[in-house]
Every structure is written in C-alpha cells, then in structure tokens.
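Please read the structure below before turning to the comments.
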Amino acid sequence: MTRILIADDDRELCNLLSEYLQREGFAVDLAHDGEEALARLHNAAQRPDLLILDVMMPGRDGLETLRELRMKHRLPVIMLSARGEPVDRVVGLELGADDYLSKPCLPRELLARVRAQLRRQAPAAAAPAELQLGALKLLPGERRALLGEQELSLTGAEFQLLLALVQHAGELVDKAVLTRLALGRELERYDRSIDVHVSRLRHKLAEASAQSPRIDSVRGAGYVLVAGAP
C-alpha cells in the first residue's frame with residue numbers, strides 16, 4: 001500500500017486529509033513539525049512514498065525541512081501554504097518541491113496532485129531502456145540520469161522534465177506540454193512551476209559538465225533542448 005506522510009501543524013486539517021486519502025486506499029502517517037517529518041524519513045520502516053508538507057510550521061518550517069530532506073531523499077513532495085504568495089511557490093519549487101498547492105484546497109484537488117506525482121514514479125511500460133544525447137544518458141526504467149560517469153541528483157519532476165526534453169531534443173516543446181509530461185497535470189494561469197524546474201535543471205546540468213546539453217528558452221512559447229559540445 002502506498003504510504004503518504006502529511007506534515008502540518010493544523011491537526012484538524014491533517015485528520016480531514018488523512019481520512020479522505022485513507023478512503024482512497026492510501027496508508028497515511030501524520031507529523032506536526034519539521035523535526036518529526038525528518039525523523040520519519042530517516043527511519044526506513046516509516047519512510048513514505050510521498051510527502052505533503054506545509055510551509056508554515058512551528059520550529060523548523062516547511063522550507064527548512066525541504067532544504068534538509070533534499071540533501072538525501074528524492075521522494076515526491078507537494079508543498080501546502082496558507083499564504084499562497086507567488087514568491088512562496090517559487091521558493092518552494094527552487095528548494096526542490098515537485099508541486100505546490102495553496103490552502104485551503106479541496107481534498108479532491110490534492111488527491112489529483114498526489115496521484116499525478118505517484119504516476120510519474122512508475123516507469124512507463126513503453127519507455128526505452130536507454131536514451132543518449134551527447135554525453136547525457138537517461139535510464140528511464142531506473143529513473144537515473146548520467147553525464148559521462150557522473151550521476152545527476154534529480155527530483156522526480158526534474159527527471160520527467162529532462163526525459164520529455166530529451167525525447168523531443170531539438171524541437172520546441174511548449175510549457176503546457178511540459179507541465180503535462182513532467183508534472184502530470186494541466187498548466188494553470190500564472191503558473192511558473194515549469195520555469196522554476198527548468199532553472200534548477202539548467203543549473204544542475206551546467207554544474208555537472210561543460211559537455212551538458214543546454215536548455216534554450218523561446219520567449220512566450222517554451223523550451224528546446226540542444227546537444228552540448230562534443
């Protein structure tokens with residue numbers, strides 16, 4: 001059974017979401033601060049398949065918790081924030097969140113985001129065993145990306161984004177298509193999630209090797225992946 005951890009100091013909301021997700025067939029654990037959430041991640045027996053993480057929590061807040069967990073863990077993370085400010089969304093995504101929802105949110109909407117993230121974790125049956133673009137090699141079945149002998153540390157959203165771009169290398173891919181392929185949902189109005197994921201991916205590629213492919217932006221249209229120098 002897929003295990004979900006909800007980390008939020010709003011106990012009433014936790015119980016509501018927990019009951020809803022359990023009815024949908026998930027095992028749900030609760031944590032009410034960042035320290036408790038990290039402790040569960042460090043415990044292999046309690047480690048969840050997905051984390052729903054509130055931004056505003058006492059002590060170690062959600063952003064600090066996310067920053068620390070991304071040093072060791074790649075599980076999908078959906079951030080929740082009562083403030084819902086665009087800057088909060090961008091910061092959360094820059095720190096490695098896979099998706100972001102403003103509170104209050106409908107449990108049904110959260111469920112859709114959860115299922116989208118979990119679908120991305122399962123390799124598609126038709127996915128090729130290996131994809132190569134210059135020095136970059138993708139192993140979709142293992143969800144691994146290598147530049148030469150160096151493995152890239154990518155979140156699930158970043159891997160799916162890179163996979164989509166490699167599969168369409170040299171072609172313009174618009175943001176709506178990338179949002180659907182990488183995040184498993186439709187592009188929303190004023191949604192900059194893909195732009196932030198692209199920014200993080202660019203940084204990781206450039207940091208890994210001068211032979212990395214580059215991601216060019218086409219203003220108002222989308223992105224193109226171009227093979228790096230040989």
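All residue names refer to the structure tokens as shown: chains lettered A, B, ... in order, residues numbered from 1 in each chain, ligands numbered from 1 in order.
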
For range 145-147 of chain A: contacts at 8 Å, only C-alpha atoms, fewer than 4 positions along chain excluded, given as a compact mmCIF listing (two decimals) with N, CA and C atoms, in the first residue's frame:
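Written out: out.txt:
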# COMPACT_ATOMS: atom_id res chain seq x y z
N ALA A 135 26.81 13.58 -24.25
CA ALA A 135 27.36 12.97 -23.03
C ALA A 135 26.28 12.56 -22.04
N LEU A 136 25.03 12.95 -22.31
CA LEU A 136 23.94 12.66 -21.39
C LEU A 136 23.30 11.32 -21.71
N LYS A 137 23.13 10.50 -20.68
CA LYS A 137 22.46 9.20 -20.82
C LYS A 137 21.34 9.12 -19.80
N LEU A 138 20.15 8.74 -20.26
CA LEU A 138 19.00 8.54 -19.37
C LEU A 138 18.63 7.06 -19.34
N LEU A 139 18.35 6.57 -18.15
CA LEU A 139 17.87 5.20 -17.96
C LEU A 139 16.47 5.31 -17.34
N GLU A 151 26.53 10.72 -11.99
CA GLU A 151 25.07 10.64 -11.90
C GLU A 151 24.51 11.97 -11.39
N LEU A 152 23.47 12.45 -12.05
CA LEU A 152 22.80 13.68 -11.63
C LEU A 152 21.81 13.38 -10.52
N SER A 153 21.77 14.24 -9.52
CA SER A 153 20.80 14.11 -8.44
C SER A 153 19.58 14.95 -8.80
N LEU A 154 18.54 14.28 -9.29
CA LEU A 154 17.35 14.97 -9.77
C LEU A 154 16.12 14.57 -8.98
N PHE A 159 13.55 14.89 -13.33
CA PHE A 159 13.86 13.77 -14.22
C PHE A 159 12.82 13.68 -15.34
N ALA A 208 27.40 20.06 -13.69
CA ALA A 208 27.93 18.71 -13.83
C ALA A 208 29.00 18.60 -14.90
N SER A 209 28.83 19.31 -16.03
CA SER A 209 29.78 19.13 -17.13
C SER A 209 29.62 20.25 -18.15
N SER A 212 27.43 19.25 -21.15
CA SER A 212 26.00 19.04 -20.94
C SER A 212 25.19 19.66 -22.06

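Here the residues within range 36-171 of chain A that DSSP labels strand (DSSP E or B) on the basis of the backbone are Leu50, Leu51, Ile52, Leu53, Asp54, Val77, Ile78, Met79, Leu80, Ser81, Asp99, Tyr100, Leu101, Ser102, Leu131, Gln132, Leu133, Leu136, Lys137, Leu138, Leu139, Arg144, Ala145, Leu146, Leu147, Gln150 and Glu151 of chain A.
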
Straight-line distance linking CA of Gly96 in chain A with CA of Arg70 in chain A, stated in Å to one decimal: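 CA of Arg70 in chain A lies 6.7 Å from CA of Gly96 in chain A.
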
Would you list the contacts of Glu19 in chain A as a JSON list (two decimals) with N, CA and C atoms, in the first residue's frame, taking every protein, DNA or RNA residue within 12 Å and counting only C-alpha atoms, but skipping same-chain residues closer than 3 positions in sequence?
[["chain", "number", "residue", "atom", "x", "y", "z"],
["A", 4, "ILE", "N", 1.72, 7.70, 2.52],
["A", 4, "ILE", "CA", 1.81, 9.16, 2.41],
["A", 4, "ILE", "C", 2.03, 9.74, 3.80],
["A", 6, "ILE", "N", 1.77, 13.28, 5.87],
["A", 6, "ILE", "CA", 1.30, 14.67, 5.89],
["A", 6, "ILE", "C", 1.98, 15.37, 7.05],
["A", 12, "GLU", "N", -6.52, 19.48, 12.75],
["A", 12, "GLU", "CA", -7.85, 19.25, 12.19],
["A", 12, "GLU", "C", -7.76, 18.98, 10.70],
["A", 13, "LEU", "N", -6.95, 19.79, 10.00],
["A", 13, "LEU", "CA", -6.77, 19.58, 8.56],
["A", 13, "LEU", "C", -6.08, 18.24, 8.30],
["A", 14, "CYS", "N", -5.08, 17.91, 9.10],
["A", 14, "CYS", "CA", -4.39, 16.63, 8.96],
["A", 14, "CYS", "C", -5.37, 15.47, 9.04],
["A", 15, "ASN", "N", -6.24, 15.51, 10.02],
["A", 15, "ASN", "CA", -7.20, 14.42, 10.20],
["A", 15, "ASN", "C", -8.18, 14.34, 9.04],
["A", 16, "LEU", "N", -8.61, 15.51, 8.55],
["A", 16, "LEU", "CA", -9.54, 15.53, 7.43],
["A", 16, "LEU", "C", -8.89, 14.92, 6.18],
["A", 22, "GLN", "N", -7.16, 7.93, 3.11],
["A", 22, "GLN", "CA", -7.30, 6.53, 3.52],
["A", 22, "GLN", "C", -8.49, 5.89, 2.81],
["A", 23, "ARG", "N", -9.58, 6.64, 2.63],
["A", 23, "ARG", "CA", -10.74, 6.11, 1.90],
["A", 23, "ARG", "C", -10.38, 5.82, 0.44],
["A", 24, "GLU", "N", -9.36, 6.52, -0.06],
["A", 24, "GLU", "CA", -8.92, 6.31, -1.44],
["A", 24, "GLU", "C", -7.86, 5.22, -1.55],
["A", 25, "GLY", "N", -7.57, 4.54, -0.43],
["A", 25, "GLY", "CA", -6.69, 3.39, -0.48],
["A", 25, "GLY", "C", -5.24, 3.62, -0.09],
["A", 26, "PHE", "N", -4.92, 4.79, 0.48],
["A", 26, "PHE", "CA", -3.56, 5.09, 0.89],
["A", 26, "PHE", "C", -3.36, 4.84, 2.38],
["A", 27, "ALA", "N", -2.16, 4.46, 2.76],
["A", 27, "ALA", "CA", -1.77, 4.45, 4.16],
["A", 27, "ALA", "C", -1.23, 5.84, 4.48],
["A", 28, "VAL", "N", -1.69, 6.45, 5.56],
["A", 28, "VAL", "CA", -1.34, 7.84, 5.86],
["A", 28, "VAL", "C", -0.75, 7.95, 7.26],
["A", 29, "ASP", "N", 0.40, 8.62, 7.36],
["A", 29, "ASP", "CA", 1.01, 8.97, 8.63],
["A", 29, "ASP", "C", 0.98, 10.47, 8.79],
["A", 30, "LEU", "N", 1.01, 10.94, 10.05],
["A", 30, "LEU", "CA", 0.94, 12.37, 10.32],
["A", 30, "LEU", "C", 2.16, 12.82, 11.12],
["A", 107, "PRO", "N", -9.85, 18.57, -0.94],
["A", 107, "PRO", "CA", -9.19, 17.25, -0.85],
["A", 107, "PRO", "C", -9.13, 16.54, -2.20],
["A", 111, "LEU", "N", -5.82, 15.13, -3.96],
["A", 111, "LEU", "CA", -5.76, 13.74, -4.39],
["A", 111, "LEU", "C", -5.28, 13.63, -5.84]]

Interatomic distance (Å, one decimal) between CA of Gly156 in chain A and CA of Gln117 in chain A: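 So the answer is 8.1 Å.
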
Contacts of Lys175 in chain A at 12 Å (only C-alpha atoms; same-chain gap of 6+ positions) as JSON, numbers by chain: {"A": [161, 164, 165, 181, 182, 183, 185, 186, 187, 188, 189, 190, 191, 192, 193, 194, 195, 196, 197, 198, 217, 218, 219, 220, 221, 222, 223, 224]}

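Nearest residue to Arg180 in chain A among A:Leu106, A:Ala7, A:Ala157, A:Ala39 is A:Ala157, counting only C-alpha atoms.
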
Nearby residues (only C-alpha atoms) at most 9 Å from Ile78 in chain A, same-chain spacing under 6 positions excluded, as a ChimeraX atom specification: /A:50-54,97-101,110,113-114,117

Using N, CA and C atoms, can you export the residues from the last selection as a short mmCIF file (atom, residue, chain, number, x, y, z; two decimals), in the first residue's frame?
data_model
loop_
_atom_site.label_atom_id
_atom_site.label_comp_id
_atom_site.auth_asym_id
_atom_site.auth_seq_id
_atom_site.Cartn_x
_atom_site.Cartn_y
_atom_site.Cartn_z
N LEU A 50 5.45 9.46 -0.55
CA LEU A 50 5.19 10.85 -0.94
C LEU A 50 4.97 11.66 0.32
N LEU A 51 5.41 12.92 0.28
CA LEU A 51 5.28 13.82 1.42
C LEU A 51 4.43 15.03 1.04
N ILE A 52 3.41 15.31 1.86
CA ILE A 52 2.63 16.55 1.75
C ILE A 52 3.13 17.45 2.88
N LEU A 53 3.72 18.58 2.55
CA LEU A 53 4.47 19.38 3.51
C LEU A 53 3.96 20.82 3.58
N ASP A 54 3.53 21.23 4.76
CA ASP A 54 3.06 22.60 4.98
C ASP A 54 4.24 23.54 5.11
N ALA A 97 10.69 21.22 -4.23
CA ALA A 97 9.33 20.68 -4.20
C ALA A 97 8.92 20.27 -5.61
N ASP A 98 8.13 19.23 -5.73
CA ASP A 98 7.67 18.78 -7.04
C ASP A 98 6.41 19.50 -7.47
N ASP A 99 5.58 19.88 -6.51
CA ASP A 99 4.35 20.60 -6.84
C ASP A 99 3.94 21.42 -5.63
N TYR A 100 2.94 22.28 -5.80
CA TYR A 100 2.60 23.28 -4.79
C TYR A 100 1.11 23.58 -4.86
N LEU A 101 0.46 23.62 -3.70
CA LEU A 101 -0.95 23.97 -3.63
C LEU A 101 -1.17 25.02 -2.55
N LEU A 110 -6.16 17.90 -4.10
CA LEU A 110 -4.92 17.35 -3.55
C LEU A 110 -4.75 15.90 -3.99
N ARG A 113 -3.35 15.73 -7.41
CA ARG A 113 -1.92 16.03 -7.45
C ARG A 113 -1.11 14.85 -6.92
N VAL A 114 -1.60 14.22 -5.86
CA VAL A 114 -0.91 13.05 -5.30
C VAL A 114 -0.81 11.94 -6.34
N GLN A 117 1.73 12.74 -9.08
CA GLN A 117 3.11 12.54 -8.65
C GLN A 117 3.47 11.06 -8.59
#

Separation of CA of Arg67 in chain A from CA of Glu207 in chain A, in Å and rounded to one decimal: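 Between these atoms lies a distance of 18.8 Å.
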